[in-house]
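What follows is the content of model-v2.cif (mmCIF, C-alpha atoms and all ligand atoms).
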data_target
#
loop_
_atom_site.label_atom_id
_atom_site.label_comp_id
_atom_site.auth_asym_id
_atom_site.auth_seq_id
_atom_site.Cartn_x
_atom_site.Cartn_y
_atom_site.Cartn_z
CA MET A 1 -15.46 10.27 -7.12
CA ARG A 2 -13.03 8.19 -9.09
CA ALA A 3 -12.66 11.01 -11.55
CA ALA A 4 -12.37 13.54 -8.77
CA ARG A 5 -9.80 11.45 -7.02
CA ARG A 6 -7.62 11.60 -10.09
CA SER A 7 -7.69 15.37 -10.29
CA SER A 8 -4.44 17.25 -10.20
CA THR A 9 -5.26 18.38 -6.68
CA ASP A 10 -5.58 14.87 -5.37
CA PRO A 11 -3.90 15.05 -1.98
CA ARG A 12 -2.98 11.40 -2.30
CA ARG A 13 -0.38 12.45 -4.79
CA LEU A 14 0.56 15.78 -3.31
CA THR A 15 1.98 13.90 -0.38
CA PRO A 16 4.17 11.31 -2.12
CA ALA A 17 4.16 10.57 0.25
CA PRO A 18 0.88 -2.47 -5.97
CA LEU A 19 5.64 -18.23 -13.87
CA LEU A 20 2.97 -20.20 -12.36
CA CYS A 21 4.62 -22.43 -9.82
CA ASP A 22 3.02 -25.23 -7.90
CA ALA A 23 5.40 -24.57 -5.05
CA TRP A 24 3.74 -21.24 -4.43
CA ALA A 25 0.35 -22.83 -4.15
CA MET A 26 1.85 -25.32 -1.77
CA SER A 27 3.42 -22.62 0.33
CA GLU A 28 0.29 -20.65 1.08
CA MET A 29 0.36 -19.00 4.43
CA SER A 30 -0.63 -20.91 7.46
CA ARG A 31 -2.48 -19.14 10.20
CA ARG A 32 0.70 -19.22 12.24
CA ASP A 33 2.51 -17.42 9.45
CA LEU A 34 -0.18 -14.80 9.29
CA LEU A 35 0.01 -14.22 13.00
CA ARG A 36 3.69 -14.34 13.57
CA ALA A 37 4.51 -10.68 13.08
CA ILE A 38 1.65 -9.17 15.04
CA PRO A 39 2.87 -8.01 18.44
CA ALA A 40 1.12 -10.26 20.89
CA ALA A 41 1.32 -8.62 24.28
CA THR A 42 0.04 -5.16 23.50
CA ALA A 43 -3.07 -3.20 24.20
CA ALA A 44 -3.93 -2.86 20.53
CA ALA A 45 -3.38 -6.52 19.83
CA ARG A 46 -5.49 -7.49 22.83
CA GLN A 47 -8.42 -5.57 21.40
CA ALA A 48 -8.44 -7.53 18.17
CA PRO A 49 -8.78 -11.23 17.60
CA ALA A 50 -5.34 -12.70 17.18
CA GLY A 51 -3.93 -11.94 13.79
CA GLU A 52 -6.65 -9.55 12.70
CA VAL A 53 -5.35 -6.50 10.87
CA ARG A 54 -6.78 -3.24 12.08
CA GLY A 55 -4.64 -0.93 10.05
CA LEU A 56 -4.25 2.67 8.99
CA HIS A 57 -2.46 3.91 5.88
CA LEU A 58 -0.88 7.36 5.97
CA SER A 59 1.80 9.23 4.11
CA ALA A 60 4.99 9.51 6.14
CA PRO A 61 5.03 12.66 8.28
CA ARG A 62 7.07 15.67 7.30
CA PRO A 63 10.09 16.33 9.52
CA ASP A 64 8.42 19.21 11.35
CA ASP A 65 5.49 16.93 12.20
CA LEU A 66 7.61 14.29 13.86
CA GLY A 67 6.58 15.18 17.40
CA LEU A 68 2.95 15.18 16.34
CA ALA A 69 3.47 11.82 14.69
CA VAL A 70 4.98 10.24 17.79
CA ARG A 71 2.13 11.58 19.91
CA PHE A 72 -0.45 10.24 17.46
CA ILE A 73 1.16 6.82 17.38
CA ARG A 74 1.49 6.58 21.16
CA GLU A 75 -1.83 8.10 22.18
CA ALA A 76 -4.33 7.66 19.38
CA LEU A 77 -3.46 4.37 17.76
CA PRO A 78 -3.76 2.16 20.87
CA LYS A 79 -6.89 4.04 21.93
CA GLU A 80 -8.50 3.43 18.55
CA GLY A 81 -7.36 -0.17 18.41
CA VAL A 82 -5.02 0.29 15.46
CA ASN A 83 -2.44 -2.50 15.36
CA LEU A 84 -0.81 -1.83 12.00
CA LEU A 85 0.43 1.35 10.33
CA VAL A 86 1.47 1.57 6.69
CA LEU A 87 3.57 4.67 6.15
CA GLU A 88 4.02 5.69 2.54
CA PHE A 89 7.51 7.18 2.41
CA GLY A 90 8.07 7.10 -1.29
CA TYR A 91 11.49 8.68 -1.71
CA ARG A 92 11.13 10.95 1.34
CA TYR A 93 13.96 9.28 3.21
CA ARG A 94 17.62 10.24 3.39
CA PHE A 95 18.95 7.07 1.81
CA SER A 96 22.63 6.65 2.62
CA ARG A 97 23.16 3.96 0.01
CA ARG A 98 21.53 6.00 -2.74
CA PRO A 99 21.80 9.64 -1.64
CA GLU A 100 21.06 10.77 -5.18
CA ILE A 101 17.45 9.65 -4.69
CA ARG A 102 15.68 11.96 -2.30
CA GLU A 103 12.60 14.13 -2.19
CA GLN A 104 12.11 17.29 -0.20
CA ASP A 105 11.02 16.88 3.41
CA ALA A 106 12.89 13.61 3.67
CA LEU A 107 13.13 11.95 7.06
CA GLY A 108 16.44 10.80 8.44
CA PRO A 109 17.30 7.50 10.09
CA GLN A 110 16.91 8.91 13.61
CA ASP A 111 13.50 10.34 12.71
CA VAL A 112 12.36 6.97 11.44
CA ALA A 113 13.85 5.24 14.47
CA ARG A 114 11.63 7.45 16.67
CA LEU A 115 8.58 6.45 14.64
CA ALA A 116 9.52 2.79 14.78
CA GLU A 117 10.10 2.94 18.52
CA ALA A 118 6.76 4.66 19.08
CA CYS A 119 5.05 1.97 17.02
CA ARG A 120 6.80 -0.80 18.92
CA GLU A 121 5.76 0.67 22.26
CA ALA A 122 2.20 1.14 21.05
CA GLY A 123 1.95 -2.43 19.79
CA VAL A 124 1.62 -1.25 16.21
CA ARG A 125 3.23 -3.11 13.33
CA LEU A 126 4.98 -0.56 11.10
CA ILE A 127 5.10 -1.27 7.37
CA PRO A 128 6.97 1.18 5.12
CA GLN A 129 5.86 1.79 1.54
CA VAL A 130 7.56 2.84 -1.65
CA ASN A 131 5.46 2.88 -4.80
CA CYS A 132 7.00 0.49 -7.29
CA LEU A 133 6.45 0.29 -11.05
CA GLY A 134 3.81 3.01 -11.40
CA HIS A 135 3.33 6.33 -9.64
CA GLN A 136 6.81 7.57 -10.48
CA SER A 137 5.41 11.06 -11.09
CA TRP A 138 2.47 13.20 -10.18
CA ALA A 139 1.18 16.00 -12.39
CA ARG A 140 4.27 17.85 -13.68
CA THR A 141 6.56 16.47 -10.97
CA THR A 142 8.67 13.45 -11.79
CA PHE A 143 9.81 11.73 -8.62
CA ALA A 144 13.32 11.16 -7.42
CA LEU A 145 14.01 7.71 -8.90
CA LEU A 146 13.42 8.80 -12.49
CA ARG A 147 15.01 12.20 -11.88
CA ALA A 148 18.22 10.49 -10.82
CA TYR A 149 17.96 7.68 -13.36
CA PRO A 150 15.89 8.95 -16.29
CA HIS A 151 16.93 5.93 -18.36
CA PHE A 152 14.84 3.76 -16.01
CA ASP A 153 11.72 5.43 -17.43
CA GLU A 154 9.35 3.14 -19.34
CA THR A 155 8.71 6.00 -21.76
CA PRO A 156 11.99 7.93 -21.77
CA GLY A 157 11.80 11.25 -23.50
CA ALA A 158 8.09 10.89 -24.19
CA TYR A 159 5.36 12.99 -22.63
CA PRO A 160 7.41 16.12 -21.85
CA GLY A 161 6.14 17.84 -18.74
CA ASN A 162 4.20 14.63 -18.04
CA GLU A 163 1.46 15.97 -20.29
CA GLY A 164 -1.06 13.39 -21.47
CA ILE A 165 -0.26 10.69 -18.91
CA TYR A 166 -1.46 9.83 -15.43
CA CYS A 167 1.86 8.86 -13.84
CA ARG A 168 5.20 7.69 -15.14
CA SER A 169 6.33 4.08 -14.70
CA TYR A 170 9.78 2.64 -14.42
CA CYS A 171 10.81 -0.09 -16.82
CA PRO A 172 10.61 -3.41 -14.98
CA LEU A 173 13.07 -4.97 -17.43
CA HIS A 174 15.83 -2.38 -17.16
CA PRO A 175 18.90 -4.38 -16.18
CA GLU A 176 20.20 -1.78 -13.70
CA LEU A 177 16.92 -0.92 -12.00
CA HIS A 178 16.59 -3.48 -9.26
CA ALA A 179 20.03 -2.99 -7.77
CA VAL A 180 19.00 0.59 -7.06
CA LEU A 181 15.44 -0.16 -6.03
CA PHE A 182 16.40 -2.95 -3.66
CA ASP A 183 18.93 -0.70 -1.94
CA LEU A 184 16.12 1.76 -1.23
CA MET A 185 13.72 -0.90 -0.01
CA ASP A 186 16.29 -2.64 2.16
CA GLU A 187 17.46 0.55 3.81
CA LEU A 188 13.96 1.75 4.56
CA ALA A 189 12.87 -1.62 5.88
CA GLU A 190 15.90 -1.70 8.17
CA ALA A 191 15.27 1.83 9.38
CA CYS A 192 11.70 0.84 10.28
CA ALA A 193 12.75 -2.51 11.79
CA ALA A 194 10.00 -3.84 9.55
CA ASP A 195 8.95 -7.39 8.87
CA ALA A 196 6.88 -6.41 5.83
CA PHE A 197 7.06 -3.93 2.97
CA HIS A 198 4.29 -2.34 0.90
CA VAL A 199 5.29 -1.93 -2.74
CA GLY A 200 2.21 -0.03 -3.97
CA MET A 201 1.87 -1.13 -7.63
CA ASP A 202 -1.56 0.42 -8.01
CA GLU A 203 -2.91 2.22 -11.05
CA VAL A 204 -0.10 1.15 -13.38
CA PHE A 205 -1.14 2.40 -16.79
CA LEU A 206 2.22 2.66 -18.55
CA ILE A 207 3.51 -0.88 -18.99
CA GLY A 208 4.77 -2.66 -22.09
CA GLU A 209 4.86 0.67 -23.90
CA PRO A 210 5.99 1.09 -27.50
CA GLN A 211 8.66 3.60 -26.39
CA CYS A 212 10.50 0.91 -24.40
CA PRO A 213 12.87 -1.26 -26.42
CA ARG A 214 12.75 -4.01 -23.77
CA CYS A 215 9.01 -4.14 -23.06
CA ARG A 216 7.23 -3.20 -26.26
CA GLY A 217 5.10 -5.95 -27.67
CA ARG A 218 5.31 -8.06 -24.55
CA ASN A 219 2.33 -9.47 -22.68
CA LYS A 220 1.38 -6.91 -20.04
CA ALA A 221 0.14 -9.46 -17.53
CA GLU A 222 3.45 -11.30 -17.75
CA LEU A 223 5.37 -8.05 -17.38
CA PHE A 224 3.35 -7.09 -14.32
CA ALA A 225 3.58 -10.56 -12.77
CA GLY A 226 7.30 -10.67 -13.44
CA GLU A 227 7.86 -7.48 -11.50
CA VAL A 228 5.61 -8.67 -8.66
CA ARG A 229 7.63 -11.86 -8.41
CA ARG A 230 10.93 -10.03 -8.57
CA LEU A 231 9.97 -7.74 -5.70
CA ARG A 232 8.38 -10.52 -3.70
CA ASP A 233 11.38 -12.83 -4.08
CA HIS A 234 13.75 -10.10 -2.95
CA LEU A 235 11.64 -9.27 0.09
CA ALA A 236 11.03 -12.91 0.96
CA GLY A 237 14.76 -13.51 0.82
CA ARG A 238 15.12 -10.98 3.61
CA GLY A 239 12.26 -12.35 5.66
CA LEU A 240 9.90 -9.56 4.65
CA GLN A 241 6.26 -10.10 3.77
CA MET A 242 5.12 -8.22 0.66
CA TRP A 243 2.01 -6.09 0.66
CA MET A 244 0.55 -4.40 -2.42
CA TRP A 245 -2.60 -2.80 -3.76
CA GLY A 246 -4.80 -5.25 -5.68
CA ASP A 247 -6.34 -3.23 -8.49
CA ARG A 248 -4.11 -4.50 -11.35
CA PHE A 249 -5.22 -8.06 -10.56
CA LEU A 250 -8.92 -7.34 -11.08
CA ASP A 251 -10.64 -7.52 -14.46
CA GLY A 252 -12.14 -4.08 -14.81
CA GLU A 253 -14.41 -5.05 -17.68
CA ARG A 254 -15.82 -8.31 -16.34
CA THR A 255 -16.34 -6.88 -12.85
CA GLY A 256 -17.68 -3.55 -14.02
CA LEU A 257 -15.18 -1.88 -11.71
CA GLY A 258 -13.53 0.10 -14.49
CA LYS A 259 -9.95 1.15 -15.08
CA TRP A 260 -8.98 2.66 -11.70
CA GLU A 261 -9.87 0.21 -8.96
CA ALA A 262 -9.48 -2.62 -11.49
CA SER A 263 -7.51 -3.17 -14.69
CA MET A 264 -8.58 -2.36 -18.21
CA ASN A 265 -5.03 -2.63 -19.56
CA GLN A 266 -4.63 -6.39 -19.71
CA THR A 267 -2.69 -6.86 -16.48
CA HIS A 268 -5.33 -8.86 -14.60
CA PRO A 269 -4.26 -12.38 -15.75
CA ALA A 270 -1.13 -11.71 -13.68
CA VAL A 271 -3.12 -12.81 -10.63
CA GLY A 272 -2.56 -16.42 -11.68
CA MET A 273 1.18 -15.95 -12.01
CA VAL A 274 2.27 -14.70 -8.59
CA PRO A 275 2.92 -16.26 -5.18
CA ARG A 276 0.04 -16.57 -2.75
CA ASP A 277 1.92 -15.18 0.23
CA ILE A 278 1.51 -11.57 -0.92
CA VAL A 279 -0.97 -9.56 1.15
CA ILE A 280 -3.45 -7.85 -1.15
CA CYS A 281 -4.85 -4.47 -0.13
CA ASP A 282 -8.18 -4.42 -1.93
CA TRP A 283 -9.10 -0.74 -2.16
CA HIS A 284 -12.58 0.42 -3.07
CA TYR A 285 -13.81 3.81 -2.00
CA GLU A 286 -17.35 3.93 -3.37
CA ASN A 287 -18.71 0.50 -2.54
CA ALA A 288 -17.92 -2.92 -1.16
CA PRO A 289 -17.64 -5.38 -4.07
CA PRO A 290 -16.88 -8.98 -3.11
CA THR A 291 -13.38 -8.78 -4.56
CA ALA A 292 -11.63 -9.33 -1.22
CA ALA A 293 -13.54 -12.62 -0.93
CA TRP A 294 -12.38 -13.46 -4.45
CA PHE A 295 -8.76 -12.75 -3.57
CA ALA A 296 -9.10 -14.93 -0.47
CA THR A 297 -10.67 -17.69 -2.55
CA GLU A 298 -7.77 -17.38 -4.97
CA GLY A 299 -5.42 -18.02 -2.07
CA PHE A 300 -4.26 -14.54 -1.05
CA PRO A 301 -4.36 -13.00 2.42
CA VAL A 302 -6.31 -9.78 1.93
CA VAL A 303 -7.38 -6.62 3.70
CA CYS A 304 -10.22 -4.31 2.67
CA SER A 305 -9.28 -0.66 2.20
CA PRO A 306 -11.91 2.06 2.38
CA TRP A 307 -11.21 5.80 2.37
CA ARG A 308 -13.74 8.45 3.27
CA LYS A 309 -17.24 6.95 3.28
CA PRO A 310 -18.21 5.36 6.60
CA GLU A 311 -21.00 3.32 5.03
CA VAL A 312 -18.50 1.84 2.57
CA ALA A 313 -16.04 1.05 5.34
CA LEU A 314 -18.73 -0.67 7.39
CA ALA A 315 -19.96 -2.63 4.37
CA GLN A 316 -16.41 -3.84 3.70
CA TRP A 317 -16.02 -4.83 7.34
CA GLU A 318 -19.31 -6.74 7.07
CA LEU A 319 -17.92 -8.49 3.98
CA VAL A 320 -14.92 -9.61 6.01
CA ARG A 321 -17.15 -10.94 8.77
CA HIS A 322 -19.60 -12.55 6.31
CA VAL A 323 -16.83 -14.52 4.61
CA ARG A 324 -15.35 -15.58 7.94
CA ARG A 325 -18.78 -16.80 9.10
CA ASN A 326 -19.78 -18.58 5.93
CA ALA A 327 -16.68 -19.78 4.10
CA PRO A 328 -14.39 -22.69 4.85
CA ASP A 329 -11.59 -21.76 7.20
CA ALA A 330 -9.08 -21.94 4.35
CA ILE A 331 -10.81 -18.91 2.84
CA GLY A 332 -12.06 -17.20 5.96
CA ARG A 333 -8.68 -17.03 7.65
CA ARG A 334 -7.29 -15.12 4.67
CA MET A 335 -9.70 -12.24 5.37
CA LEU A 336 -7.13 -10.51 7.54
CA GLY A 337 -9.12 -7.39 8.29
CA MET A 338 -9.16 -3.71 7.39
CA LEU A 339 -6.66 -1.09 6.22
CA GLN A 340 -8.17 2.41 6.37
CA THR A 341 -6.68 4.89 3.88
CA SER A 342 -6.52 8.65 4.31
CA TRP A 343 -5.09 10.45 1.22
CA VAL A 344 -4.89 13.81 2.85
CA GLY A 345 -1.35 13.92 4.20
CA PHE A 346 -0.14 12.89 7.62
CA GLY A 347 -0.29 16.34 9.21
CA PRO A 348 -3.80 17.28 8.05
CA PHE A 349 -5.18 13.88 9.02
CA VAL A 350 -3.65 13.85 12.47
CA ARG A 351 -4.42 17.49 13.27
CA THR A 352 -8.02 16.91 12.24
CA TYR A 353 -8.13 13.80 14.39
CA PHE A 354 -6.91 15.84 17.38
CA GLY A 355 -9.53 18.50 16.65
CA GLU A 356 -7.09 21.20 15.60
CA PRO A 357 -8.64 23.69 13.18
CA PRO A 358 -8.87 24.33 10.38
CA ALA A 359 -9.95 20.93 9.14
CA SER A 360 -10.46 20.60 5.42
CA PRO A 361 -13.60 18.75 4.32
CA ARG A 362 -11.42 16.02 2.86
CA ALA A 363 -9.49 15.56 6.07
CA GLN A 364 -12.69 15.57 8.08
CA GLU A 365 -14.22 12.91 5.84
CA ALA A 366 -11.23 10.61 6.19
CA VAL A 367 -11.09 11.09 9.95
CA ASN A 368 -14.84 10.49 10.30
CA CYS A 369 -14.55 7.27 8.31
CA PHE A 370 -11.58 6.17 10.42
CA ARG A 371 -13.41 6.86 13.68
CA THR A 372 -16.58 5.12 12.51
CA LEU A 373 -14.79 2.05 11.24
CA PHE A 374 -12.61 1.61 14.31
CA GLU A 375 -15.54 2.08 16.66
CA ALA A 376 -17.20 -0.81 14.83
CA LEU A 377 -14.03 -2.86 15.03
CA ARG A 378 -13.74 -2.30 18.77
CA ARG A 379 -17.38 -3.21 19.27
CA ALA A 380 -16.71 -6.44 17.46
CA GLY A 381 -14.25 -7.34 20.16
ZN ZN B 401 10.33 -1.42 -20.31
#

Kindly return the structure encoded in the file as structure tokens.
Amino acid sequence: MRAARRSSTDPRRLTPAPLLCDAWAMSEMSRRDLLRAIPAATAAARQAPAGEVRGLHLSAPRPDDLGLAVRFIREALPKEGVNLLVLEFGYRYRFSRRPEIREQDALGPQDVARLAEACREAGVRLIPQVNCLGHQSWARTTFALLRAYPHFDETPGAYPGNEGIYCRSYCPLHPELHAVLFDLMDELAEACAADAFHVGMDEVFLIGEPQCPRCRGRNKAELFAGEVRRLRDHLAGRGLQMWMWGDRFLDGERTGLGKWEASMNQTHPAVGMVPRDIVICDWHYENAPPTAAWFATEGFPVVCSPWRKPEVALAQWELVRHVRRNAPDAIGRRMLGMLQTSWVGFGPFVRTYFGEPPASPRAQEAVNCFRTLFEALRRAG
């Protein structure tokens, strides 16, 4: 499935929508910190133990699906017990501060305000996402950041037509990059009235490349950790909690998890170099390895992220409960819960959920997994 997921028809990518410092260890999240942003007096929150994440990850809706999106948020999410929604916007937002960076089907501020209001009324915490570092292209399409600023590319001029690579990366050491990137993140976070931001950072394969005069020859774990810290510090300075995918922090060789859901490109030592207040989204779609427990033991709040296999989702949920039952509270309380992924596009997922034909097999799988997992979550009380 991993190979299939990386095919050029992967819907995940057709709808573009993750210095050692003692102070960080000292500042690990308290339970109160973990709970503070979850709406307290809502139907969804009442269904879950306080602070538990019962989340869904979707690409941001296309403009013509906005009404459908509002209906889904208001009707389906509280009914299912969803209390957190990660919306992957990528560059599909009409950024006023950086209008040169925009994809097709971008949402405007009033569109996003409607989504945010629907989430607020439904008791759902809305977290916007822009993929940082990696995933700056898919197949032959280079995304808006590197189209507008091609000199931010980690491998500028190389791989014409994106042939021979998985996805482009931006250069984390380019001196002009972060002023642009932070404008995008800030504006989107404000539009969503968010208290957290998901920076992606999964599946980064191009890092420390020989084509980059700033990065070549550098330690890839230090490069990765440096970018994590840079993003985290910016977000923390604005009161925003950082979320990211966890795969680059896992040793793909030692764990046997391989190069997709873990790292085989020397980034994994970065896990020891970043603050412990980052929420790790530990995605595994074929099985339920104990990596979320490892992240929690390492000091990170963590959610488990399944995709389309109900048995995998239930096994990951059991892992969460097992650790909570059997580990010291310091570890158990970091097992925040579940974040179901979809990778089929907002419209197809939601239409399939509402029973509107035709449902593709992929959409049906993701919806079935979502329904099965959230039924189990509701049963758990
Ligand atoms: Zn570079």

**Report entry** Expected answer as a PyMOL selection string: residues within 9 Å of ligand ZN 401 (chain B), only C-alpha atoms and all ligand atoms
**Finding:** chain A and resi 152-155+169-174+207-216+223

Query raised in the report: How many Å lie between CA of Pro306 in chain A and CA of Pro49 in chain A, rounded to one decimal?
Result: 20.4 Å

Query raised in the report: What gap, in Å, lies between CA of Glu286 in chain A and CA of Met338 in chain A?
Result: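 Interatomic distance, CA of Glu286 in chain A to CA of Met338 in chain A: 15.5 Å.
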
Query - Nearest residue to Gly337 in chain A from the set A:Asn219, A:Gln129, A:Gln316, A:Asn368 (distances using only C-alpha atoms) - result: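 Residue with the minimum atom-to-atom distance to Gly337 in chain A: A:Gln316.
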
Query raised in the report: Could you work out how far CA of Glu261 in chain A lies from CA of Ser305 in chain A, giving the answer in Å with one decimal?
Result: 11.2 Å

Query - Contacts of Ala315 in chain A within 12 Å, only C-alpha atoms, excl. fewer than 6 positions in-chain, as a ChimeraX atom specification - result: /A:284-290,304-306,309,321-322,338,369,372-373,376

If you take all atoms listed in the file and a cut-off of 9 Å, which residues of range 270-289 of chain A touch range 228-232 of chain A, and what are their nearest atom pairs and distances in Å to one decimal, in chain and number order, as CSV?
residue,atom,partner,partner_atom,distance
A:Ala270,CA,A:Val228,CA,8.9
A:Met273,CA,A:Arg229,CA,8.4
A:Val274,CA,A:Arg229,CA,6.1
A:Pro275,CA,A:Arg229,CA,7.2
A:Asp277,CA,A:Arg232,CA,8.9
A:Ile278,CA,A:Arg232,CA,7.5
